[in-house]
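Chemist: Take a look at this one; I'll ask things after.
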Amino acid sequence: MKKSIVTREGHRIRLRDLDPGDDAGLGTKAKAQARLAEDLERLRQLQLLLYADNRYALLVVIQAMDTGGKDGTIRHVMSGLNPVGCVVTSFKVPTPDERQHDYLWRIHRAVPPRGVIGVFNRSHYEDVLVVRVHKLVKEKAWERRYREINEFERTLSQNGVEILKFYLHISKAEQAKRLRARIEDKSKNWKFSEADIAERRLWGEYQEAYEDAINECTTSWAPWHIVPANNKWARDCIVARAMADRLESLKLRYPKPSVDLSKIVIR
Ligand code: AMP
Ligand code: MG
């Protein structure tokens with residue numbers, strides 16, 4: 001089965017070559033939903049094991065254009081998990097306090113501890129995306145960041161943090177559809193921001209910035225998963241499976257009891 005594309009060091013990708021409407025071989029929504037249910041159950045069990053094993057943390061980074069489906073993915077994929085072992089952090093425009101530090105400071109503090117799944121709704125990648133597109137720092141400064149981010153992620157991955165990075169890939173036409181829905185559907189009105197219209201005009205600049213971020217920050221320790229995301233069901237399926245597969249690959253195990261349990265009698 002065709003899975004989402006995982007980037008490889010030395011192989012540049014071009015976003016326009018990747019179809020946001022791809023169904024990743026899933027076929028139908030019904031099939032995808034059945035598979036998602038299975039993977040959510042796997043994830044639920046693996047999360048318990050991750051917690052008991054206590055050697056690794058899982059950091060899930062989610063990036064996408066506006067309306068790309070970050071919130072929806074988090075809602076659907078995290079729905080079966082134990083909230084105790086799961087932390088979602090959304091990164092917004094830096095606060096005055098955050099601005100007093102380097103751009104990785106707020107990120108590092110939010111990295112999940114061992115045993116926990118941490119999800120980043122936006123991340124340090126905003127510092128080479130919106131910051132680059134809107135020229136919030138000089139080119140020299142954001143250019144340096146690709147290397148800094150790679151080093152940062154390497155430090156994490158060498159210290160027990162497993163990193164999964166997802167780019168939810170939607171088309172410009174799909175974004176138009178979703179923005180219209182935010183205007184027409186009363187329950188979605190709250191999500192609409194005038195800024196989204198201004199940002200949409202910068203679609204090309206953003207795609208270019210994404211392409212560079214993805215290509216420059218593809219390393220053996222933290223490649224990108226490019227997730228075709230026009231179909232929400234395909235998107236959720238791909239993300240859930242990638243998470244379950246990664247946790248499974250860690251060969252997690254329950255630690256040995258600290259005492260000889262056969263000698264213990266409960267009266
Ligand atoms: P939303 O995800 O719709 O709540 O919007 C959050 C906003 O914060 C987006 O417009 C992001 O581009 C913006 N944002 C996130 N991180 C940064 C950053 N480091 N610098 C500037 N803007 C940011
Ligand atoms: Mg928004």
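Here, A, B, ... name the chains of the structure tokens in the order displayed, residue numbers run from 1 inside each chain, and ligands are numbered from 1 in the same displayed order.
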To check your reading of the model: which residues sit at most 9 Å from ligand 2 when counting only C-alpha atoms and all ligand atoms? Write the answer as an MDAnalysis selection string.
Modeler: chainID A and resid 66:67 191:193 195:196
Chemist: I'd like a table as CSV: residues in chain A with an atom no more than 8 Å from ligand 1, each row giving the shortest atom pair and its distance in Å to one decimal, only C-alpha atoms and all ligand atoms counted, sorted by chain and rising residue number.
Modeler:
```
residue,atom,partner,partner_atom_place_in_ligand_line,distance
A:Asp66,CA,ligand 1,3 (O),7.0
A:Ser90,CA,ligand 1,2 (O),7.1
A:Phe91,CA,ligand 1,15 (C),5.2
A:Lys92,CA,ligand 1,8 (O),3.6
A:Val93,CA,ligand 1,23 (C),3.8
A:Pro94,CA,ligand 1,18 (C),5.6
A:Tyr103,CA,ligand 1,19 (N),7.0
A:Asn121,CA,ligand 1,2 (O),7.3
A:Arg122,CA,ligand 1,15 (C),6.5
A:Ser123,CA,ligand 1,16 (N),6.7
A:His124,CA,ligand 1,19 (N),6.7
A:Tyr125,CA,ligand 1,19 (N),7.8
A:Glu126,CA,ligand 1,16 (N),4.9
A:Asp127,CA,ligand 1,19 (N),4.7
A:Leu129,CA,ligand 1,12 (O),7.8
A:Val130,CA,ligand 1,12 (O),5.2
A:Val131,CA,ligand 1,20 (N),5.5
A:Leu136,CA,ligand 1,21 (C),7.7
A:Lys191,CA,ligand 1,3 (O),7.5
A:Ser193,CA,ligand 1,3 (O),7.9
A:Ala195,CA,ligand 1,10 (O),7.7
A:Asp196,CA,ligand 1,10 (O),8.0
```
Chemist: Counting only C-alpha atoms, which residue out of A:Cys217, A:Asp102, A:Leu81, A:Arg114 sits closest to Glu143 in chain A?
Modeler: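 Of the candidates, the smallest distance to Glu143 in chain A is held by A:Cys217.
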Chemist: Would you kindly return, as a compact mmCIF listing (two decimals) with N, CA and C atoms, in the first residue's frame, each protein, DNA or RNA residue with an atom no farther than 6 Å from any atom of range 249-258 of chain A, considering only C-alpha atoms and excluding same-chain residues fewer than 3 positions away?
Modeler:
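Written out: result02.txt:
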```
# COMPACT_ATOMS: atom_id res chain seq x y z
N ALA A 52 4.69 3.13 30.50
CA ALA A 52 5.28 2.14 31.42
C ALA A 52 6.78 1.99 31.16
N ASP A 53 7.15 1.92 29.92
CA ASP A 53 8.55 1.73 29.52
C ASP A 53 9.44 2.90 29.96
N ARG A 246 5.68 4.06 14.42
CA ARG A 246 6.88 4.55 15.09
C ARG A 246 6.97 3.99 16.51
```
Chemist: Mind dumping a table of every range 39-107 of chain A residue within 10 Å of range 165-178 of chain A, with the nearest atom pair and its distance in Å to one decimal, using only C-alpha atoms, sorted by chain and rising number, as CSV?
Modeler:
```
residue,atom,partner,partner_atom,distance
A:Leu59,CA,A:Lys165,CA,8.2
A:Val60,CA,A:Lys165,CA,5.9
A:Val61,CA,A:Lys165,CA,4.6
A:Ile62,CA,A:Phe166,CA,5.0
A:Gln63,CA,A:Tyr167,CA,5.0
A:Ala64,CA,A:Leu168,CA,5.0
A:Met65,CA,A:Ile170,CA,7.6
A:Asp66,CA,A:Gln175,CA,7.5
A:Thr67,CA,A:Gln175,CA,6.1
A:Gly68,CA,A:Ile170,CA,6.0
A:Gly69,CA,A:Leu168,CA,7.1
A:Lys70,CA,A:Leu168,CA,7.5
A:Thr73,CA,A:Leu168,CA,9.2
```
Chemist: Kindly save the residues from that selection, with N, CA and C atoms included, as a short mmCIF file (atom, residue, chain, number, x, y, z; two decimals), in the first residue's frame.
Modeler:
```cif
data_model
loop_
_atom_site.label_atom_id
_atom_site.label_comp_id
_atom_site.auth_asym_id
_atom_site.auth_seq_id
_atom_site.Cartn_x
_atom_site.Cartn_y
_atom_site.Cartn_z
N LEU A 59 7.38 13.06 20.03
CA LEU A 59 7.03 14.43 19.67
C LEU A 59 6.47 14.45 18.26
N VAL A 60 5.22 14.88 18.15
CA VAL A 60 4.54 14.94 16.86
C VAL A 60 4.40 16.42 16.47
N VAL A 61 5.04 16.78 15.37
CA VAL A 61 4.99 18.17 14.90
C VAL A 61 4.00 18.23 13.74
N ILE A 62 3.02 19.12 13.84
CA ILE A 62 2.05 19.25 12.75
C ILE A 62 2.10 20.65 12.17
N GLN A 63 2.39 20.71 10.88
CA GLN A 63 2.43 21.99 10.17
C GLN A 63 1.50 21.91 8.95
N ALA A 64 0.92 23.02 8.60
CA ALA A 64 0.08 23.08 7.40
C ALA A 64 -0.24 24.53 7.08
N MET A 65 -0.64 24.77 5.86
CA MET A 65 -1.18 26.07 5.48
C MET A 65 -2.46 26.29 6.29
N ASP A 66 -2.94 27.55 6.36
CA ASP A 66 -4.22 27.82 7.02
C ASP A 66 -5.30 26.92 6.44
N THR A 67 -6.16 26.41 7.27
CA THR A 67 -7.26 25.48 6.96
C THR A 67 -6.74 24.09 6.56
N GLY A 68 -5.46 23.86 6.74
CA GLY A 68 -4.87 22.58 6.32
C GLY A 68 -5.34 21.38 7.12
N GLY A 69 -5.94 21.64 8.28
CA GLY A 69 -6.51 20.52 9.05
C GLY A 69 -5.71 20.11 10.28
N LYS A 70 -4.94 21.04 10.82
CA LYS A 70 -4.14 20.71 12.01
C LYS A 70 -5.05 20.34 13.18
N THR A 73 -7.00 17.00 12.63
CA THR A 73 -6.14 15.82 12.75
C THR A 73 -5.89 15.51 14.22
#
```
Chemist: Wanna dump the range 11-115 of chain A-range 155-162 of chain A contacts at 8 Å for me, each residue with its shortest atom pair and the distance in Å to one decimal, counting only C-alpha atoms, ordered by chain and number, as CSV?
Modeler:
```
residue,atom,partner,partner_atom,distance
A:Arg55,CA,A:Gly160,CA,6.4
A:Tyr56,CA,A:Gly160,CA,4.7
A:Ala57,CA,A:Val161,CA,4.8
A:Leu58,CA,A:Glu162,CA,4.8
A:Leu59,CA,A:Glu162,CA,5.9
A:Pro112,CA,A:Val161,CA,7.9
A:Arg114,CA,A:Gly160,CA,7.2
```
Chemist: Could you work out how far CA of Asn231 in chain A lies from CA of Pro20 in chain A, giving the answer in Å with one decimal?
Modeler: 8.1 Å
Chemist: Would you work out the distance separating CA of His76 in chain A from CA of Lys188 in chain A, expressed in Å to one decimal?
Modeler: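 Pair CA of His76 in chain A / CA of Lys188 in chain A returns 17.2 Å.
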Chemist: What's around Thr218 in chain A at 12 Å? Count only C-alpha atoms, leave out sequence neighbours fewer than 2 positions away in its own chain, and write the answer as a PyMOL selection string.
Modeler: chain A and resi 6-13+146-147+149-151+153-154+163-166+210-216+220-226
Chemist: Put those residues in a file: C-alpha atoms, as a PDB file, in the first residue's frame.
Modeler:
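Result file selection_6.pdb:
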```
ATOM      1  CA  VAL A   6       8.563  10.313   3.835  1.00  0.00           C
ATOM      2  CA  THR A   7      11.350  12.636   2.772  1.00  0.00           C
ATOM      3  CA  ARG A   8      14.933  11.384   2.499  1.00  0.00           C
ATOM      4  CA  GLU A   9      18.183  13.234   2.971  1.00  0.00           C
ATOM      5  CA  GLY A  10      19.674  14.212  -0.371  1.00  0.00           C
ATOM      6  CA  HIS A  11      16.364  13.854  -2.244  1.00  0.00           C
ATOM      7  CA  ARG A  12      14.688  17.207  -2.669  1.00  0.00           C
ATOM      8  CA  ILE A  13      10.926  17.190  -3.048  1.00  0.00           C
ATOM      9  CA  TYR A 146      17.567  25.442   9.201  1.00  0.00           C
ATOM     10  CA  ARG A 147      20.882  24.265  10.572  1.00  0.00           C
ATOM     11  CA  ILE A 149      16.712  23.388  13.892  1.00  0.00           C
ATOM     12  CA  ASN A 150      18.473  20.280  12.598  1.00  0.00           C
ATOM     13  CA  GLU A 151      20.940  20.428  15.489  1.00  0.00           C
ATOM     14  CA  GLU A 153      16.177  18.058  16.663  1.00  0.00           C
ATOM     15  CA  ARG A 154      19.306  15.926  16.709  1.00  0.00           C
ATOM     16  CA  ILE A 163      10.284  13.004  16.370  1.00  0.00           C
ATOM     17  CA  LEU A 164       7.525  12.708  13.766  1.00  0.00           C
ATOM     18  CA  LYS A 165       6.950  15.713  11.525  1.00  0.00           C
ATOM     19  CA  PHE A 166       3.831  15.983   9.406  1.00  0.00           C
ATOM     20  CA  TYR A 210       7.505  25.155   3.099  1.00  0.00           C
ATOM     21  CA  GLU A 211       9.470  23.469   0.361  1.00  0.00           C
ATOM     22  CA  ASP A 212      12.723  24.877   1.713  1.00  0.00           C
ATOM     23  CA  ALA A 213      11.839  24.051   5.319  1.00  0.00           C
ATOM     24  CA  ILE A 214      11.008  20.483   4.328  1.00  0.00           C
ATOM     25  CA  ASN A 215      14.087  20.023   2.161  1.00  0.00           C
ATOM     26  CA  GLU A 216      16.565  21.774   4.445  1.00  0.00           C
ATOM     27  CA  SER A 220      17.901  10.830   9.118  1.00  0.00           C
ATOM     28  CA  TRP A 221      16.673  11.551  12.654  1.00  0.00           C
ATOM     29  CA  ALA A 222      13.698  13.713  11.708  1.00  0.00           C
ATOM     30  CA  PRO A 223      12.402  13.440   8.133  1.00  0.00           C
ATOM     31  CA  TRP A 224       9.041  14.874   7.049  1.00  0.00           C
ATOM     32  CA  HIS A 225       5.863  12.976   6.303  1.00  0.00           C
ATOM     33  CA  ILE A 226       4.057  14.745   3.473  1.00  0.00           C
TER      34      ILE A 226
END
```
Chemist: So which residues of range 38-85 of chain A fall under alpha helix (DSSP H) by DSSP, listed as a ChimeraX atom specification?
Modeler: /A:38-53,70-78
Chemist: Run DSSP on the backbone and give me the residues of range 5-223 of chain A it puts in strand (DSSP E), as a ChimeraX atom specification.
Modeler: /A:5-6,57-64,86-90,117-121,161-169
Chemist: What is the CA of Arg106 in chain A-CA of Lys140 in chain A distance in Å, reported with one decimal?
Modeler: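 CA of Lys140 in chain A lies 21.7 Å from CA of Arg106 in chain A.
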Chemist: Considering only C-alpha atoms, state which residue in the set A:Asp23, A:Asp97, A:Asp17, A:Glu248 is at the smallest distance from Trp233 in chain A.
Modeler: A:Asp23
